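File shown: run_28.cif (mmCIF, C-alpha atoms and all ligand atoms).
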```cif
data_target
#
loop_
_atom_site.label_atom_id
_atom_site.label_comp_id
_atom_site.auth_asym_id
_atom_site.auth_seq_id
_atom_site.Cartn_x
_atom_site.Cartn_y
_atom_site.Cartn_z
CA MET G 667 -17.08 1.52 -8.72
CA ASN G 668 -16.13 -0.52 -11.75
CA ASN G 669 -16.42 -4.23 -11.06
CA ALA G 670 -15.71 -5.25 -14.63
CA THR G 671 -13.23 -8.07 -15.08
CA ASN G 672 -9.94 -6.87 -16.50
CA THR G 673 -9.16 -9.00 -19.50
CA SER G 674 -5.92 -7.34 -20.52
CA GLY G 675 -3.79 -9.51 -18.20
CA ARG G 676 -1.80 -6.57 -17.00
CA VAL G 677 1.12 -7.31 -14.68
CA ALA G 678 0.43 -6.11 -11.14
CA LEU G 679 2.96 -6.15 -8.29
CA VAL G 680 1.74 -5.86 -4.71
CA THR G 681 4.14 -5.45 -1.78
CA GLY G 682 3.29 -6.99 1.57
CA ALA G 683 1.05 -9.54 -0.12
CA SER G 684 1.60 -12.47 2.26
CA ARG G 685 -1.31 -11.60 4.52
CA GLY G 686 -3.86 -9.00 5.55
CA ILE G 687 -4.67 -6.15 3.21
CA GLY G 688 -1.94 -7.01 0.68
CA ALA G 689 -3.15 -10.61 0.33
CA ALA G 690 -6.70 -9.38 -0.28
CA ILE G 691 -5.46 -6.92 -2.90
CA GLY G 692 -3.55 -9.74 -4.62
CA THR G 693 -6.57 -12.05 -4.65
CA THR G 694 -8.93 -9.34 -5.91
CA LEU G 695 -6.60 -8.38 -8.76
CA VAL G 696 -6.21 -12.06 -9.75
CA GLU G 697 -10.01 -12.38 -9.81
CA ARG G 698 -10.14 -9.37 -12.12
CA GLY G 699 -7.73 -10.84 -14.63
CA TYR G 700 -4.39 -9.32 -13.66
CA ARG G 701 -1.20 -11.37 -13.49
CA VAL G 702 -0.15 -10.68 -9.92
CA ILE G 703 3.20 -10.86 -8.12
CA GLY G 704 3.32 -10.55 -4.35
CA LEU G 705 6.45 -9.40 -2.55
CA SER G 706 6.75 -9.97 1.17
CA SER G 707 9.26 -10.70 3.91
CA SER G 708 8.18 -14.34 4.15
CA GLY G 709 7.84 -14.98 0.40
CA LYS G 710 4.30 -16.28 0.87
CA ALA G 711 1.28 -15.21 -1.17
CA PRO G 712 -2.32 -16.31 -1.65
CA GLY G 713 -3.35 -18.70 -4.43
CA GLY G 714 -2.88 -17.42 -7.95
CA VAL G 715 -0.30 -14.84 -6.89
CA MET G 716 3.37 -15.37 -7.83
CA ALA G 717 5.21 -15.11 -4.51
CA LEU G 718 8.65 -13.57 -4.09
CA ALA G 719 10.56 -12.94 -0.88
CA CYS G 720 11.94 -9.42 -0.94
CA ASP G 721 12.81 -6.81 1.65
CA VAL G 722 11.39 -3.63 0.14
CA ALA G 723 13.78 -1.56 2.25
CA ASP G 724 16.70 -3.00 0.26
CA PRO G 725 17.00 -1.38 -3.19
CA VAL G 726 19.24 -4.17 -4.48
CA ALA G 727 16.68 -6.84 -3.52
CA VAL G 728 13.89 -4.74 -5.08
CA ASP G 729 15.84 -4.44 -8.32
CA ALA G 730 16.43 -8.21 -8.40
CA ALA G 731 12.73 -8.93 -7.79
CA PHE G 732 11.62 -6.57 -10.57
CA ALA G 733 14.23 -8.01 -12.95
CA ARG G 734 12.86 -11.50 -12.31
CA VAL G 735 9.28 -10.36 -12.90
CA GLU G 736 10.28 -8.58 -16.11
CA LYS G 737 11.98 -11.74 -17.35
CA GLU G 738 9.09 -14.07 -16.49
CA LEU G 739 6.00 -11.90 -17.02
CA GLY G 740 7.07 -8.57 -18.53
CA PRO G 741 7.21 -5.06 -17.06
CA VAL G 742 5.12 -4.13 -14.04
CA GLU G 743 2.15 -2.02 -15.15
CA VAL G 744 0.31 -1.80 -11.84
CA LEU G 745 2.13 -1.26 -8.55
CA VAL G 746 0.57 -1.34 -5.11
CA ALA G 747 2.97 -0.20 -2.37
CA ASN G 748 1.26 -1.78 0.62
CA ALA G 749 4.04 -3.26 2.80
CA GLY G 750 4.15 -1.59 6.17
CA ILE G 751 5.12 -2.18 9.78
CA THR G 752 4.44 -0.60 13.16
CA ARG G 753 6.77 -0.18 16.13
CA ASP G 754 4.41 1.66 18.44
CA CYS G 755 5.86 3.47 21.41
CA LEU G 756 5.34 6.80 23.14
CA LEU G 757 7.56 9.58 21.80
CA MET G 758 9.78 9.92 24.86
CA ARG G 759 10.52 6.19 24.85
CA MET G 760 10.85 5.74 21.10
CA GLY G 761 14.27 4.36 20.26
CA ASP G 762 16.36 5.16 17.20
CA GLU G 763 15.65 1.68 15.83
CA ASP G 764 11.87 2.08 16.27
CA TRP G 765 12.10 5.23 14.21
CA SER G 766 14.49 4.06 11.50
CA GLN G 767 12.97 0.60 10.92
CA VAL G 768 9.52 2.06 10.33
CA LEU G 769 10.91 4.73 8.02
CA ASP G 770 13.01 2.18 6.12
CA VAL G 771 10.10 -0.15 5.38
CA ASN G 772 7.13 2.19 5.08
CA LEU G 773 8.68 5.20 3.36
CA THR G 774 11.96 4.12 1.76
CA GLY G 775 10.37 0.79 0.81
CA ALA G 776 7.62 2.56 -1.13
CA PHE G 777 10.19 4.86 -2.74
CA ASN G 778 12.33 1.88 -3.78
CA VAL G 779 9.50 0.09 -5.58
CA ILE G 780 7.99 3.21 -7.15
CA ARG G 781 11.36 4.36 -8.47
CA ARG G 782 12.13 0.90 -9.88
CA ALA G 783 8.71 0.60 -11.52
CA SER G 784 8.68 4.09 -13.02
CA ARG G 785 11.10 3.76 -15.94
CA PRO G 786 9.32 0.86 -17.68
CA MET G 787 5.99 2.58 -17.01
CA VAL G 788 7.25 5.78 -18.65
CA LYS G 789 8.49 3.72 -21.59
CA ALA G 790 5.08 2.06 -21.93
CA ARG G 791 3.30 5.38 -21.36
CA PHE G 792 1.01 3.57 -18.95
CA GLY G 793 1.12 2.90 -15.24
CA ARG G 794 -1.08 2.68 -12.19
CA ILE G 795 0.47 3.21 -8.77
CA VAL G 796 -1.41 3.01 -5.48
CA VAL G 797 0.21 3.69 -2.13
CA ILE G 798 -1.37 2.45 1.10
CA SER G 799 -1.20 5.20 3.70
CA SER G 800 -3.45 5.41 6.77
CA VAL G 801 -6.08 7.56 8.41
CA VAL G 802 -3.42 8.45 11.01
CA ALA G 803 -1.40 10.32 8.34
CA THR G 804 -3.58 13.36 8.90
CA MET G 805 -5.22 12.57 12.28
CA GLY G 806 -1.99 11.74 14.10
CA SER G 807 -1.96 8.92 16.60
CA ILE G 808 -0.66 8.49 20.14
CA GLY G 809 2.29 6.09 20.17
CA GLN G 810 2.74 6.27 16.41
CA VAL G 811 4.99 9.27 15.78
CA ASN G 812 7.18 7.08 13.56
CA TYR G 813 4.32 5.34 11.72
CA ALA G 814 2.17 8.45 11.20
CA SER G 815 5.21 10.35 9.88
CA THR G 816 5.73 7.71 7.20
CA LYS G 817 2.04 7.58 6.29
CA ALA G 818 1.94 11.38 5.91
CA GLY G 819 5.19 11.26 3.92
CA LEU G 820 3.64 8.80 1.50
CA ILE G 821 1.03 11.40 0.54
CA GLY G 822 3.73 13.92 -0.41
CA MET G 823 5.59 11.18 -2.25
CA ALA G 824 2.55 10.03 -4.22
CA ARG G 825 1.45 13.53 -5.15
CA SER G 826 4.97 14.41 -6.35
CA VAL G 827 5.03 11.24 -8.47
CA ALA G 828 1.56 12.11 -9.78
CA ARG G 829 2.82 15.51 -10.90
CA GLU G 830 6.07 14.17 -12.40
CA LEU G 831 4.57 11.28 -14.33
CA GLY G 832 1.00 12.38 -15.04
CA GLY G 833 1.84 13.37 -18.60
CA ARG G 834 3.07 9.84 -19.35
CA GLY G 835 -0.20 8.03 -18.70
CA ILE G 836 0.83 7.12 -15.16
CA THR G 837 -1.44 7.76 -12.19
CA CYS G 838 -0.38 7.67 -8.56
CA ASN G 839 -3.00 7.64 -5.83
CA VAL G 840 -3.18 7.05 -2.11
CA ILE G 841 -5.62 4.98 -0.10
CA ALA G 842 -5.95 5.91 3.56
CA PRO G 843 -7.48 2.92 5.36
CA GLY G 844 -9.05 3.33 8.75
CA PHE G 845 -9.37 0.57 11.31
CA ILE G 846 -9.13 -2.70 9.36
CA ALA G 847 -9.29 -6.20 10.86
CA THR G 848 -5.84 -7.75 10.20
CA ASP G 849 -2.89 -9.16 12.18
CA MET G 850 -1.67 -5.57 12.56
CA THR G 851 -4.78 -4.54 14.50
CA GLU G 852 -5.25 -7.95 16.19
CA ILE G 853 -2.52 -6.95 18.67
CA LEU G 854 -4.53 -3.99 20.01
CA ASP G 855 -6.08 -4.55 23.44
CA GLU G 856 -9.83 -4.49 24.03
CA LYS G 857 -9.78 -0.95 25.45
CA MET G 858 -8.04 0.48 22.37
CA ARG G 859 -10.39 -1.39 20.05
CA THR G 860 -13.44 0.05 21.80
CA GLU G 861 -11.94 3.53 21.67
CA TYR G 862 -11.17 3.25 17.94
CA LEU G 863 -14.59 1.83 17.12
CA ALA G 864 -16.32 4.71 18.91
CA LYS G 865 -14.70 7.01 16.31
CA VAL G 866 -16.03 5.11 13.28
CA PRO G 867 -19.38 6.47 12.05
CA VAL G 868 -20.33 3.25 10.23
CA GLY G 869 -19.81 1.43 13.54
CA ARG G 870 -17.63 -1.47 12.50
CA MET G 871 -14.06 -2.33 11.68
CA GLY G 872 -13.20 -2.39 8.00
CA GLU G 873 -12.54 -5.62 6.16
CA VAL G 874 -9.54 -6.24 3.92
CA GLY G 875 -11.90 -6.52 0.95
CA ASP G 876 -13.01 -2.91 1.51
CA ILE G 877 -9.45 -1.78 0.73
CA ALA G 878 -8.88 -4.29 -2.08
CA ARG G 879 -11.97 -3.14 -4.00
CA ALA G 880 -10.86 0.49 -3.73
CA VAL G 881 -7.43 -0.48 -5.11
CA ALA G 882 -9.07 -2.36 -8.00
CA PHE G 883 -11.06 0.76 -8.85
CA LEU G 884 -8.01 3.05 -8.86
CA VAL G 885 -5.82 0.73 -10.95
CA ASP G 886 -8.46 0.11 -13.58
CA ASP G 887 -7.56 1.17 -17.12
CA GLU G 888 -10.62 3.44 -17.03
CA SER G 889 -9.48 5.36 -13.94
CA GLY G 890 -6.84 7.36 -15.82
CA TYR G 891 -8.23 10.76 -14.84
CA ILE G 892 -7.85 10.12 -11.12
CA THR G 893 -4.38 10.96 -9.85
CA GLY G 894 -2.88 12.48 -6.71
CA ALA G 895 -6.06 11.59 -4.86
CA VAL G 896 -6.15 10.48 -1.24
CA LEU G 897 -9.10 8.13 -0.93
CA PRO G 898 -10.18 7.44 2.64
CA VAL G 899 -11.57 3.94 3.18
CA ASP G 900 -12.23 4.32 6.87
CA GLY G 901 -15.94 4.18 7.60
CA GLY G 902 -15.84 7.95 8.05
CA MET G 903 -13.28 7.83 10.88
CA GLY G 904 -11.00 10.53 9.46
CA MET G 905 -13.66 12.93 8.19
CA GLY G 906 -12.56 16.53 8.47
CA ASP G 907 -8.88 15.76 9.02
P1 LIG G 1001 0.17 -6.97 8.09
O1 LIG G 1001 1.11 -6.76 9.21
O2 LIG G 1001 -0.94 -7.96 8.24
O3 LIG G 1001 0.99 -7.32 6.75
C1 LIG G 1001 2.12 -6.57 6.40
C2 LIG G 1001 2.73 -7.13 5.14
O4 LIG G 1001 3.89 -6.34 4.84
C3 LIG G 1001 3.19 -8.57 5.26
O5 LIG G 1001 2.94 -9.22 4.02
C4 LIG G 1001 4.69 -8.45 5.46
O6 LIG G 1001 5.43 -9.55 4.95
C5 LIG G 1001 4.98 -7.22 4.62
N1 LIG G 1001 6.24 -6.59 4.99
C6 LIG G 1001 6.61 -6.07 6.19
N2 LIG G 1001 7.86 -5.63 6.12
C7 LIG G 1001 8.31 -5.88 4.87
C8 LIG G 1001 9.53 -5.65 4.18
N3 LIG G 1001 10.59 -5.07 4.78
N4 LIG G 1001 9.62 -6.04 2.88
C9 LIG G 1001 8.58 -6.63 2.26
N5 LIG G 1001 7.40 -6.86 2.84
C10 LIG G 1001 7.28 -6.49 4.14
O7 LIG G 1001 -0.40 -5.51 7.76
P2 LIG G 1001 -1.82 -5.03 7.19
O8 LIG G 1001 -2.70 -4.72 8.35
O9 LIG G 1001 -2.30 -5.93 6.14
O10 LIG G 1001 -1.40 -3.62 6.58
C11 LIG G 1001 -1.03 -3.45 5.23
C12 LIG G 1001 -0.79 -1.98 4.97
O11 LIG G 1001 -1.96 -1.24 5.31
C13 LIG G 1001 0.34 -1.40 5.80
O12 LIG G 1001 1.06 -0.44 5.04
C14 LIG G 1001 -0.39 -0.71 6.93
O13 LIG G 1001 0.36 0.34 7.46
C15 LIG G 1001 -1.64 -0.21 6.22
N6 LIG G 1001 -2.74 0.07 7.09
C16 LIG G 1001 -3.33 -0.92 7.86
C17 LIG G 1001 -4.40 -0.61 8.68
C18 LIG G 1001 -5.08 -1.64 9.52
O14 LIG G 1001 -5.98 -1.26 10.29
N7 LIG G 1001 -4.73 -2.91 9.42
C19 LIG G 1001 -4.91 0.76 8.79
C20 LIG G 1001 -4.24 1.69 7.95
C21 LIG G 1001 -3.21 1.35 7.13
#
```
Mind converting the file's structure to structure tokens?
Amino acid sequence: MNNATNTSGRVALVTGASRGIGAAIGTTLVERGYRVIGLSSSGKAPGGVMALACDVADPVAVDAAFARVEKELGPVEVLVANAGITRDCLLMRMGDEDWSQVLDVNLTGAFNVIRRASRPMVKARFGRIVVISSVVATMGSIGQVNYASTKAGLIGMARSVARELGGRGITCNVIAPGFIATDMTEILDEKMRTEYLAKVPVGRMGEVGDIARAVAFLVDDESGYITGAVLPVDGGMGMGD
């Protein structure tokens, strides 16, 4: 993996950057010389990251956020679609809202930011897009019919974008994290944690930095021949799926 510091000062926008994986991605990209903007529901972001409150599910809000970034820093050259939510529930009890909220944020939210970022990227003939999916996209997961559907959908989305925009110097890749220690997994009970951990060959939960370093590799200027890839960062949990 390339750990070189990026000195070009490229503009990188990360969604869901207020905490967890997105915050780590923001911090890592700042350390590597990118000018980073973090979108989130709360409008918070770690030090060095320009924070904007924006609901990614709302295309009008996304357009306004991008317009502000373009005015203050220039066009977005690196996009990390990381914002995601869970509304876990067994299929037979899953309500319409549980389904639609997760689709709106995880799938439509990614579509909204990728679509908005694409035109300036095409114009610049350069772009790096990374979408944060999940190991459950291909493994499936009890209680996560809604969530796993969105995470699988993101793979089809990213690969279609990779095919459409590959000729314009734009790459679009997917990272499929496994079981990462964040607020999202903090809510799991002890029994579920033990069950998940038993499925991880490296025998530990992942750390947010594990994902952030993989993102930094894929968005590097020198990673231009990697596109449409689904990179598992899961301690081996999803092998074979
Ligand atoms: P988190 O719950 O700690 O943080 C989620 C972030 O998304 C927050 O910054 C929140 O403000 C933002 N967000 C939520 N809804 C939003 C909206 N409508 N508009 C804008 N921002 C919104 O989650 P975590 O664990 O850091 O996960 C980040 C991504 O990684 C998610 O897409 C998640 O599905 C994925 N992932 C996480 C795994 C884990 O084990 N933690 C495993 C696999 C994938």
Environment of ligand LIG 1001 (chain G) within 8 Å, counting only C-alpha atoms and all ligand atoms, reported as JSON, numbers by chain: {"G": [681, 682, 683, 684, 685, 686, 687, 688, 689, 705, 706, 707, 708, 709, 710, 719, 720, 721, 722, 723, 724, 747, 748, 749, 750, 751, 752, 770, 771, 772, 775, 798, 799, 800, 801, 802, 813, 817, 842, 843, 844, 845, 846, 847, 848, 849, 850, 851, 872, 874]}
Proximity to Gly822 in chain G - best of G:Arg791, G:Arg870, G:Ser807, G:Ala895, all atoms listed in the file: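 Ranking G:Arg791, G:Arg870, G:Ser807, G:Ala895 by distance to Gly822 in chain G, first place goes to G:Ala895.
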Closest of G:Leu679, G:Ile821, G:Arg759, G:Gln810 to Arg782 in chain G - atom-to-atom distances counting only C-alpha atoms: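 Among the listed residues, the smallest separation from Arg782 in chain G belongs to G:Leu679.
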Two-atom distance - CA of Pro867 in chain G, CA of Asp907 in chain G (Å): 14.3 Å
With 12 Å as the cut-off and all atoms listed in the file counted, what is the closest atom pair between each nearby residue of range 730-784 of chain G and range 826-836 of chain G? Distances in Å to one decimal, ordered by chain and number, as CSV.
```
residue,atom,partner,partner_atom,distance
G:Glu743,CA,G:Ile836,CA,9.2
G:Val744,CA,G:Ile836,CA,9.5
G:Leu745,CA,G:Ile836,CA,10.8
G:Ala776,CA,G:Val827,CA,11.7
G:Phe777,CA,G:Val827,CA,10.0
G:Ile780,CA,G:Val827,CA,8.7
G:Arg781,CA,G:Val827,CA,9.3
G:Ala783,CA,G:Ile836,CA,10.9
G:Ser784,CA,G:Leu831,CA,8.4
```
Residue nearest Leu897 in chain G among G:Leu756, G:Val702, G:Met716, G:Val797 (counting all atoms listed in the file):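 Smallest separation from Leu897 in chain G among the options: G:Val797.
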Point-to-point distance in Å for CA of Gly692 in chain G and CA of Ile795 in chain G: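 Computing the Euclidean distance for CA of Ile795 in chain G and CA of Gly692 in chain G yields 14.2 Å.
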Residue nearest Asp764 in chain G - candidates G:Val811, G:Met805, G:Val715, G:Ala882, atoms counted: all atoms listed in the file: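 That would be G:Val811, the residue with the smallest distance to Asp764 in chain G.
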Which of G:Ile808, G:Val885, G:Ala727, G:Ile841 sits closest to Pro898 in chain G [using only C-alpha atoms]: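 Looking at the shortest contact to Pro898 in chain G, the residue is G:Ile841.
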Contacts of Thr816 in chain G at 8 Å (only C-alpha atoms; same-chain gap of 5+ positions) as a list in words: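 Residues near the query, excluding close chain neighbours: Val768, Leu769, Asn772, Leu773 and Ala803 of chain G.
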Counting all atoms listed in the file, the option among G:Gly714, G:Lys865, G:Val677, G:Pro741 closest to Lys789 in chain G: G:Pro741
Atom-to-atom span, CA of Gly761 in chain G and CA of Val746 in chain G, Å: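 CA of Val746 in chain G lies 29.4 Å from CA of Gly761 in chain G.
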